[in-house]
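File shown here: upload-v9.txt, holding compact mmCIF, C-alpha atoms and all ligand atoms.
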# COMPACT_ATOMS: atom_id res chain seq x y z
CA MET Y 1 113.72 96.68 162.16
CA ASP Y 2 112.55 94.14 164.73
CA THR Y 3 114.81 91.88 166.72
CA VAL Y 4 112.98 88.58 167.13
CA LYS Y 5 114.11 85.83 169.50
CA LYS Y 6 111.22 83.37 169.19
CA ILE Y 7 110.58 81.02 166.26
CA ASP Y 8 106.77 81.30 166.44
CA VAL Y 9 106.92 85.12 166.40
CA LEU Y 10 109.20 85.04 163.36
CA ARG Y 11 106.93 82.53 161.61
CA SER Y 12 103.82 84.66 162.02
CA ARG Y 13 105.66 87.70 160.62
CA LEU Y 14 106.81 85.61 157.66
CA LYS Y 15 103.35 84.12 157.03
CA GLU Y 16 101.95 87.61 156.73
CA ALA Y 17 104.68 88.53 154.23
CA SER Y 18 104.10 85.43 152.12
CA ARG Y 19 100.33 86.06 152.09
CA ASN Y 20 101.17 89.44 150.57
CA GLY Y 21 103.33 87.76 147.92
CA LYS Y 22 106.61 89.19 149.19
CA SER Y 23 109.92 87.53 148.38
CA VAL Y 24 112.09 86.65 151.38
CA GLY Y 25 115.89 86.81 151.61
CA LEU Y 26 117.93 85.20 154.42
CA VAL Y 27 121.48 86.01 155.50
CA PRO Y 28 122.67 83.47 158.11
CA THR Y 29 125.48 84.75 160.38
CA MET Y 30 127.10 84.13 163.73
CA GLY Y 31 127.16 87.88 164.39
CA PHE Y 32 129.95 90.27 165.33
CA LEU Y 33 129.20 91.70 161.93
CA HIS Y 34 131.86 93.23 159.67
CA GLU Y 35 131.96 94.48 156.07
CA GLY Y 36 131.98 90.90 154.77
CA HIS Y 37 128.62 90.16 156.39
CA LEU Y 38 127.33 93.57 155.37
CA SER Y 39 128.12 92.86 151.70
CA LEU Y 40 125.76 89.85 151.89
CA ILE Y 41 123.11 91.93 153.66
CA LYS Y 42 123.36 94.74 151.07
CA ARG Y 43 122.99 92.32 148.17
CA ALA Y 44 120.07 90.55 149.85
CA ARG Y 45 118.41 93.90 150.54
CA GLU Y 46 118.53 94.75 146.82
CA GLU Y 47 117.08 91.42 145.70
CA ASN Y 48 114.21 90.71 148.16
CA ASP Y 49 111.08 92.37 149.54
CA LEU Y 50 111.61 91.10 153.08
CA LEU Y 51 115.08 90.65 154.52
CA VAL Y 52 115.84 88.40 157.50
CA VAL Y 53 119.34 88.35 159.00
CA SER Y 54 119.91 85.54 161.46
CA LEU Y 55 122.44 85.82 164.26
CA PHE Y 56 123.18 82.60 166.05
CA VAL Y 57 126.48 81.30 167.40
CA ASN Y 58 125.60 77.72 166.61
CA PRO Y 59 127.00 75.34 169.24
CA THR Y 60 126.75 72.23 167.06
CA GLN Y 61 129.28 73.51 164.54
CA PHE Y 62 131.99 73.97 167.19
CA GLY Y 63 134.10 70.98 168.20
CA PRO Y 64 135.43 70.20 171.70
CA GLY Y 65 138.12 72.72 172.68
CA GLU Y 66 137.10 75.22 170.00
CA ASP Y 67 136.15 78.85 170.64
CA LEU Y 68 132.37 78.56 171.24
CA GLU Y 69 132.55 80.30 174.63
CA SER Y 70 134.99 83.02 173.61
CA TYR Y 71 133.48 83.67 170.16
CA PRO Y 72 132.98 87.48 169.97
CA ARG Y 73 129.43 88.74 170.47
CA ASP Y 74 127.87 92.22 170.29
CA LEU Y 75 124.12 91.97 169.70
CA GLU Y 76 123.44 95.67 170.18
CA LYS Y 77 126.01 96.83 167.63
CA ASP Y 78 124.91 94.08 165.19
CA ALA Y 79 121.28 95.18 165.50
CA ASP Y 80 122.33 98.75 164.69
CA SER Y 81 124.30 97.58 161.63
CA CYS Y 82 121.41 95.45 160.35
CA SER Y 83 118.97 98.27 160.87
CA ALA Y 84 121.27 100.72 159.04
CA GLU Y 85 121.42 98.29 156.09
CA GLY Y 86 117.63 98.15 155.94
CA ALA Y 87 117.06 94.61 157.25
CA ASP Y 88 113.45 93.99 158.28
CA ILE Y 89 114.06 91.33 160.92
CA LEU Y 90 117.07 90.29 162.97
CA PHE Y 91 116.41 86.74 164.15
CA ALA Y 92 118.61 86.16 167.21
CA PRO Y 93 117.42 83.03 169.05
CA ASP Y 94 119.01 81.63 172.20
CA ALA Y 95 120.55 78.16 171.96
CA GLY Y 96 117.56 76.76 173.91
CA GLU Y 97 115.15 78.11 171.31
CA MET Y 98 116.99 76.27 168.51
CA TYR Y 99 117.88 73.04 170.33
CA PHE Y 100 115.68 71.15 172.76
CA GLU Y 101 117.58 69.53 175.61
CA ASP Y 102 117.12 66.11 173.99
CA TYR Y 103 117.76 67.38 170.43
CA GLY Y 104 119.05 64.57 168.25
CA THR Y 105 118.33 65.16 164.56
CA TYR Y 106 121.17 66.05 162.22
CA VAL Y 107 121.53 66.69 158.51
CA GLU Y 108 124.84 65.46 157.18
CA VAL Y 109 126.40 65.68 153.74
CA SER Y 110 128.55 62.56 153.59
CA GLY Y 111 131.51 61.71 151.38
CA GLY Y 112 134.59 63.60 150.27
CA LEU Y 113 132.94 67.00 150.25
CA THR Y 114 132.99 67.20 154.05
CA LYS Y 115 136.03 64.99 154.81
CA GLY Y 116 138.91 67.11 153.49
CA LEU Y 117 140.05 70.70 154.12
CA CYS Y 118 138.20 72.10 157.17
CA GLY Y 119 136.38 68.76 157.63
CA LYS Y 120 139.66 67.05 158.45
CA SER Y 121 140.55 69.11 161.53
CA ARG Y 122 136.90 69.90 162.36
CA PRO Y 123 135.16 66.53 161.80
CA THR Y 124 131.74 67.53 163.20
CA HIS Y 125 131.74 71.12 161.88
CA PHE Y 126 129.82 70.70 158.62
CA ARG Y 127 127.20 68.47 160.21
CA GLY Y 128 126.51 71.34 162.61
CA VAL Y 129 126.40 73.84 159.74
CA THR Y 130 124.06 71.82 157.53
CA SER Y 131 121.80 71.01 160.49
CA VAL Y 132 121.41 74.62 161.58
CA VAL Y 133 121.07 75.92 158.01
CA SER Y 134 118.33 73.29 157.40
CA LYS Y 135 116.54 74.50 160.50
CA LEU Y 136 116.84 78.12 159.36
CA PHE Y 137 115.54 77.20 155.89
CA ASN Y 138 112.57 75.40 157.48
CA ILE Y 139 111.83 78.29 159.81
CA VAL Y 140 112.27 81.17 157.33
CA GLU Y 141 111.48 79.42 154.00
CA PRO Y 142 113.53 82.00 152.12
CA ASP Y 143 113.42 82.45 148.34
CA ARG Y 144 117.14 83.26 148.42
CA ALA Y 145 119.90 82.67 150.98
CA TYR Y 146 123.23 84.46 150.91
CA PHE Y 147 126.64 82.96 151.73
CA GLY Y 148 130.22 84.20 151.41
CA GLN Y 149 132.88 82.68 149.15
CA LYS Y 150 135.20 83.19 152.14
CA ASP Y 151 133.80 79.86 153.40
CA ALA Y 152 134.19 78.11 150.05
CA GLN Y 153 133.79 74.55 151.35
CA GLN Y 154 130.68 75.58 153.30
CA VAL Y 155 129.19 76.95 150.06
CA ALA Y 156 129.86 73.65 148.25
CA VAL Y 157 128.38 71.64 151.14
CA ILE Y 158 125.25 73.78 151.39
CA LYS Y 159 124.68 73.70 147.63
CA ARG Y 160 124.93 69.90 147.76
CA MET Y 161 122.48 69.70 150.66
CA VAL Y 162 120.00 71.96 148.86
CA ARG Y 163 120.26 69.79 145.75
CA ASP Y 164 120.03 66.48 147.61
CA LEU Y 165 117.14 67.46 149.91
CA ASN Y 166 115.23 69.57 147.35
CA PHE Y 167 115.19 72.74 149.41
CA ASP Y 168 113.32 75.35 147.38
CA VAL Y 169 115.88 78.13 147.83
CA GLU Y 170 118.38 79.88 145.58
CA ILE Y 171 121.89 79.97 147.05
CA VAL Y 172 123.59 83.28 146.26
CA VAL Y 173 127.37 83.36 146.72
CA CYS Y 174 129.09 86.71 147.41
CA PRO Y 175 132.79 87.53 146.91
CA ILE Y 176 135.36 87.72 149.73
CA VAL Y 177 135.62 91.17 151.33
CA ARG Y 178 139.14 92.08 152.46
CA GLU Y 179 140.84 94.74 154.56
CA ALA Y 180 142.77 97.36 152.56
CA ASP Y 181 145.98 95.36 153.14
CA GLY Y 182 144.46 92.11 151.85
CA LEU Y 183 143.53 90.26 155.07
CA ALA Y 184 140.14 88.60 154.59
CA LYS Y 185 137.61 90.12 156.99
CA SER Y 186 136.63 87.73 159.75
CA SER Y 187 135.02 87.96 163.19
CA ARG Y 188 138.02 85.93 164.42
CA ASN Y 189 140.55 88.61 163.34
CA ILE Y 190 139.88 90.18 166.74
CA TYR Y 191 141.91 87.35 168.31
CA LEU Y 192 145.07 88.54 166.48
CA SER Y 193 147.75 90.57 168.25
CA GLU Y 194 149.35 93.34 166.22
CA VAL Y 195 152.32 91.19 165.20
CA GLU Y 196 150.12 88.19 164.40
CA ARG Y 197 147.87 90.36 162.25
CA LYS Y 198 150.92 91.56 160.29
CA ALA Y 199 152.16 87.99 159.89
CA ALA Y 200 148.70 86.87 158.68
CA LEU Y 201 149.07 89.06 155.59
CA VAL Y 202 151.15 86.20 154.18
CA LEU Y 203 147.89 84.34 153.48
CA ASN Y 204 146.60 86.74 150.85
CA ARG Y 205 150.14 87.34 149.59
CA SER Y 206 150.73 83.64 148.99
CA LEU Y 207 147.34 83.11 147.34
CA LYS Y 208 148.06 86.02 144.99
CA ALA Y 209 151.53 84.73 144.18
CA ALA Y 210 150.06 81.28 143.43
CA SER Y 211 147.39 82.77 141.23
CA GLU Y 212 150.06 84.71 139.27
CA ARG Y 213 152.07 81.53 138.84
CA ILE Y 214 148.99 79.74 137.51
CA SER Y 215 148.32 82.67 135.16
CA SER Y 216 151.84 82.27 133.78
CA GLY Y 217 151.19 78.64 132.94
CA GLU Y 218 151.89 76.42 135.98
CA ARG Y 219 149.39 73.54 136.01
CA ASN Y 220 150.88 71.20 138.62
CA GLY Y 221 148.73 71.18 141.78
CA ASP Y 222 151.54 69.90 144.03
CA GLU Y 223 153.90 72.66 142.85
CA ILE Y 224 151.33 75.34 143.69
CA LYS Y 225 150.60 73.77 147.06
CA ALA Y 226 154.31 73.54 147.94
CA MET Y 227 154.88 77.13 146.88
CA VAL Y 228 152.08 78.44 149.13
CA GLU Y 229 153.20 76.25 152.05
CA ASN Y 230 156.78 77.47 151.72
CA MET Y 231 155.75 81.12 151.66
CA ILE Y 232 153.58 80.68 154.76
CA LYS Y 233 156.30 78.79 156.63
CA GLN Y 234 158.57 81.84 156.25
CA GLU Y 235 156.33 83.45 158.89
CA PRO Y 236 157.45 82.02 162.25
CA LEU Y 237 154.09 82.85 163.90
CA SER Y 238 152.14 80.69 161.45
CA ALA Y 239 151.04 77.08 161.95
CA ILE Y 240 149.52 75.52 158.84
CA ASP Y 241 146.36 73.45 159.29
CA TYR Y 242 146.06 72.80 155.54
CA VAL Y 243 146.85 74.16 152.11
CA GLU Y 244 144.88 72.41 149.36
CA VAL Y 245 144.37 72.73 145.63
CA VAL Y 246 140.98 71.23 144.81
CA ASP Y 247 138.10 71.23 142.36
CA ALA Y 248 135.89 74.13 143.51
CA GLU Y 249 132.65 72.15 143.24
CA ASN Y 250 133.49 68.72 144.67
CA MET Y 251 136.60 69.61 146.77
CA LYS Y 252 138.62 66.73 145.24
CA PRO Y 253 142.40 67.36 145.17
CA LEU Y 254 143.69 68.31 141.72
CA GLU Y 255 147.01 67.02 140.41
CA ILE Y 256 146.57 68.93 137.16
CA LEU Y 257 144.85 72.30 137.35
CA LYS Y 258 141.87 72.51 135.04
CA GLY Y 259 138.35 73.95 135.25
CA SER Y 260 137.13 75.61 138.46
CA VAL Y 261 140.12 75.47 140.78
CA LEU Y 262 139.99 76.37 144.46
CA LEU Y 263 143.19 77.13 146.31
CA ALA Y 264 142.16 77.03 149.97
CA LEU Y 265 144.01 77.24 153.25
CA ALA Y 266 143.58 77.32 157.02
CA VAL Y 267 146.41 78.63 159.15
CA ARG Y 268 146.70 79.41 162.85
CA PHE Y 269 148.25 82.56 164.22
CA GLY Y 270 148.15 82.37 168.02
CA LYS Y 271 144.53 81.81 169.09
CA ALA Y 272 143.12 82.57 165.65
CA ARG Y 273 142.50 79.91 163.03
CA LEU Y 274 142.10 81.84 159.78
CA ILE Y 275 140.78 80.54 156.47
CA ASP Y 276 141.19 82.09 153.04
CA ASN Y 277 140.95 81.01 149.43
CA ILE Y 278 141.02 81.99 145.82
CA ARG Y 279 138.93 80.51 143.03
CA LEU Y 280 140.25 80.46 139.48
CA GLU Y 281 138.92 79.31 136.14
CA VAL Y 282 141.78 77.44 134.46
CA GLU Y 283 141.79 76.36 130.79
P1 LIG O 301 129.92 83.80 159.97
O1 LIG O 301 129.29 84.85 160.82
O2 LIG O 301 131.42 83.76 160.09
O3 LIG O 301 129.27 82.46 160.09
O4 LIG O 301 129.67 84.26 158.48
C1 LIG O 301 128.36 84.46 157.99
C2 LIG O 301 128.41 84.59 156.49
O5 LIG O 301 129.24 85.70 156.13
C3 LIG O 301 129.02 83.35 155.81
O6 LIG O 301 128.28 83.04 154.64
C4 LIG O 301 130.41 83.80 155.48
O7 LIG O 301 130.98 83.14 154.37
C5 LIG O 301 130.21 85.27 155.18
N1 LIG O 301 131.46 86.00 155.33
C6 LIG O 301 132.27 86.01 156.42
N2 LIG O 301 133.39 86.75 156.17
C7 LIG O 301 133.26 87.20 154.90
C8 LIG O 301 134.10 88.00 154.06
N3 LIG O 301 135.27 88.47 154.47
N4 LIG O 301 133.67 88.27 152.81
C9 LIG O 301 132.46 87.78 152.37
N5 LIG O 301 131.65 87.02 153.12
C10 LIG O 301 132.04 86.72 154.36
Starting from the file, lay out its structure as structure tokens.
Amino acid sequence: MDTVKKIDVLRSRLKEASRNGKSVGLVPTMGFLHEGHLSLIKRAREENDLLVVSLFVNPTQFGPGEDLESYPRDLEKDADSCSAEGADILFAPDAGEMYFEDYGTYVEVSGGLTKGLCGKSRPTHFRGVTSVVSKLFNIVEPDRAYFGQKDAQQVAVIKRMVRDLNFDVEIVVCPIVREADGLAKSSRNIYLSEVERKAALVLNRSLKAASERISSGERNGDEIKAMVENMIKQEPLSAIDYVEVVDAENMKPLEILKGSVLLALAVRFGKARLIDNIRLEVE
């Protein structure tokens, strides 16, 4: 596996591959890889001839006061993990390689899709995500790109961008990978103290309880939302950012649960802001 830092070097490698008719898979990440990322890489490895993993802590998707500086990084370990999973190229550009000093072009999905849930407390986040993912799609021109259901709103936003801007790429969505005790794997879990980590188990517990309640017939969105909020509030270390019950495709709040339902939340425990969700098909 090669670690490539320069866009022109990556492009010439990719041109060669496309001349030889090889399919290209892309897994965009911010690094500090865990089993969640690796599940995307494994799937992409199976489905493509050439596999590019990108590792870039993208400054434009962090807001003022967020954890851009302290975001965990370990390029050497990540390169070993990618190599062990059979990736062909690890693309790890510096910020200066991706953004000129006078950079000023952004891709933004407007409307409700980016205004609620994470978009409410992180108003410039999705603009940063869609801009950098557009750049990666233009640089790599992948046949398939792999994203985790863990970031359910991000998936919906990227699918919309791909549709609206006619990107010629298939978006493959992979299930949430969890620790044995149910905590969704995340690079940010490293911020949790031992007690906070224990408290954070309430997230998966409350999503499961809500899903059971829906299975036994509850169809009122507000009831489900209140139930999850109440369970989380029992944990004194938690601070809820949001709990929402929305349509999984357009992120609109649902009063009555029907169709593809997404129960999504963001909750702070100390320094860590954790997100989790569950998607259900409701009759
Ligand atoms: P990140 O490095 O946090 O930007 O994540 C890169 C990709 O990995 C995104 O598509 C995430 O949704 C995905 N991902 C992160 N955590 C998980 C997880 N626990 N399970 C599945 N996918 C994940």
Contacts of chain Y with ligand LIG 301 (chain O) up to 6 Å, shortest pair per row, only C-alpha atoms and all ligand atoms, as CSV:
residue,atom,partner,partner_atom,distance
Y:Pro28,CA,O:LIG301,C1,5.8
Y:Thr29,CA,O:LIG301,C1,3.8
Y:Met30,CA,O:LIG301,O1,3.7
Y:Gly31,CA,O:LIG301,O1,5.1
Y:Gly36,CA,O:LIG301,C8,3.7
Y:His37,CA,O:LIG301,O5,4.5
Y:Phe147,CA,O:LIG301,O6,3.3
Y:Gly148,CA,O:LIG301,O7,3.2
Y:Gln149,CA,O:LIG301,O7,5.6
Y:Lys150,CA,O:LIG301,O7,4.8
Y:Asp151,CA,O:LIG301,O7,4.4
Y:Pro175,CA,O:LIG301,C9,5.5
Y:Ile176,CA,O:LIG301,N4,3.6
Y:Val177,CA,O:LIG301,N4,3.8
Y:Arg178,CA,O:LIG301,N3,5.7
Y:Ala184,CA,O:LIG301,N3,4.9
Y:Lys185,CA,O:LIG301,N3,3.8
Y:Ser186,CA,O:LIG301,N2,4.9
Find the residues around Lys135 (chain Y) up to 10 Å (all atoms listed in the file counted), leave out those fewer than 4 positions away in its own chain, and share them as a VMD selection string.
chain Y and resid 98 106 to 107 129 to 131 139 to 141
Would you list the contacts of Leu254 (chain Y) as a list in words, taking every protein, DNA or RNA residue within 7 Å and counting only C-alpha atoms, but skipping same-chain residues closer than 4 positions in sequence?
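The contact residues come out as Gly221, Val245, Val246 and Asp247 of chain Y.
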Within 12 Å of Leu136 (chain Y) using all atoms listed in the file, minus same-chain residues under 4 positions, as a CSV table (one decimal) with C-alpha atoms, in the frame of the given file:
chain,number,residue,atom,x,y,z
Y,7,ILE,CA,110.6,81.0,166.3
Y,10,LEU,CA,109.2,85.0,163.4
Y,11,ARG,CA,106.9,82.5,161.6
Y,25,GLY,CA,115.9,86.8,151.6
Y,26,LEU,CA,117.9,85.2,154.4
Y,27,VAL,CA,121.5,86.0,155.5
Y,28,PRO,CA,122.7,83.5,158.1
Y,29,THR,CA,125.5,84.8,160.4
Y,52,VAL,CA,115.8,88.4,157.5
Y,53,VAL,CA,119.3,88.4,159.0
Y,54,SER,CA,119.9,85.5,161.5
Y,55,LEU,CA,122.4,85.8,164.3
Y,56,PHE,CA,123.2,82.6,166.0
Y,58,ASN,CA,125.6,77.7,166.6
Y,91,PHE,CA,116.4,86.7,164.2
Y,92,ALA,CA,118.6,86.2,167.2
Y,93,PRO,CA,117.4,83.0,169.0
Y,98,MET,CA,117.0,76.3,168.5
Y,129,VAL,CA,126.4,73.8,159.7
Y,130,THR,CA,124.1,71.8,157.5
Y,131,SER,CA,121.8,71.0,160.5
Y,132,VAL,CA,121.4,74.6,161.6
Y,140,VAL,CA,112.3,81.2,157.3
Y,141,GLU,CA,111.5,79.4,154.0
Y,142,PRO,CA,113.5,82.0,152.1
Y,145,ALA,CA,119.9,82.7,151.0
Y,167,PHE,CA,115.2,72.7,149.4
Y,169,VAL,CA,115.9,78.1,147.8
Nearest to Ala180 (chain Y) by atom-to-atom distance, counting only C-alpha atoms, from Y:Glu35, Y:Ser260, Y:Gly21, Y:Ala44:
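Checking each candidate against Ala180 (chain Y), we get Y:Glu35 as the closest.
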Can you tell me how far CA of Thr114 (chain Y) sits from CA of Tyr191 (chain Y), in Å to one decimal?
26.2 Å
Can you tell me which residues surround Asp94 (chain Y) at a distance of at most 9 Å, considering all atoms listed in the file, apart from same-chain residues fewer than 5 positions away, and format the answer as a list in words?
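My list of contacting residues is Lys5, Lys6, Phe56, Val57 and Tyr99 of chain Y.
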Would you mind reading off the distance between CA of Gly111 (chain Y) and CA of Val155 (chain Y), one decimal, in Å?
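Between these atoms lies a distance of 15.5 Å.
Counting from CA of Leu165 (chain Y), the distance to CA of Phe100 (chain Y) is 23.2 Å.
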Within 10 Å of Glu85 (chain Y), counting all atoms listed in the file, which residues show up once you throw out same-chain ones fewer than 5 positions away? Write them as number ranges by chain, please.
Y: 1, 38-39, 41-42, 45, 79-80
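Counting all atoms listed in the file, the residue from Y:Val173, Y:Leu113, Y:Cys118, Y:Leu207 that sits nearest to Phe62 (chain Y) is Y:Cys118.
Distances to Val267 (chain Y) were evaluated for Y:Ala84, Y:Val4, Y:Ala239, Y:Leu68 using only C-alpha atoms, and the minimum falls at Y:Ala239.
Nearest residue to Phe269 (chain Y) among Y:Leu75, Y:Ala87, Y:Ile232, Y:Leu40 is Y:Ile232, counting only C-alpha atoms.
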Using all atoms listed in the file, which of the listed residues (Y:Ser81, Y:Gln61, Y:Gln153, Y:Ser18) sits closest to Asp49 (chain Y)?
Y:Ser18
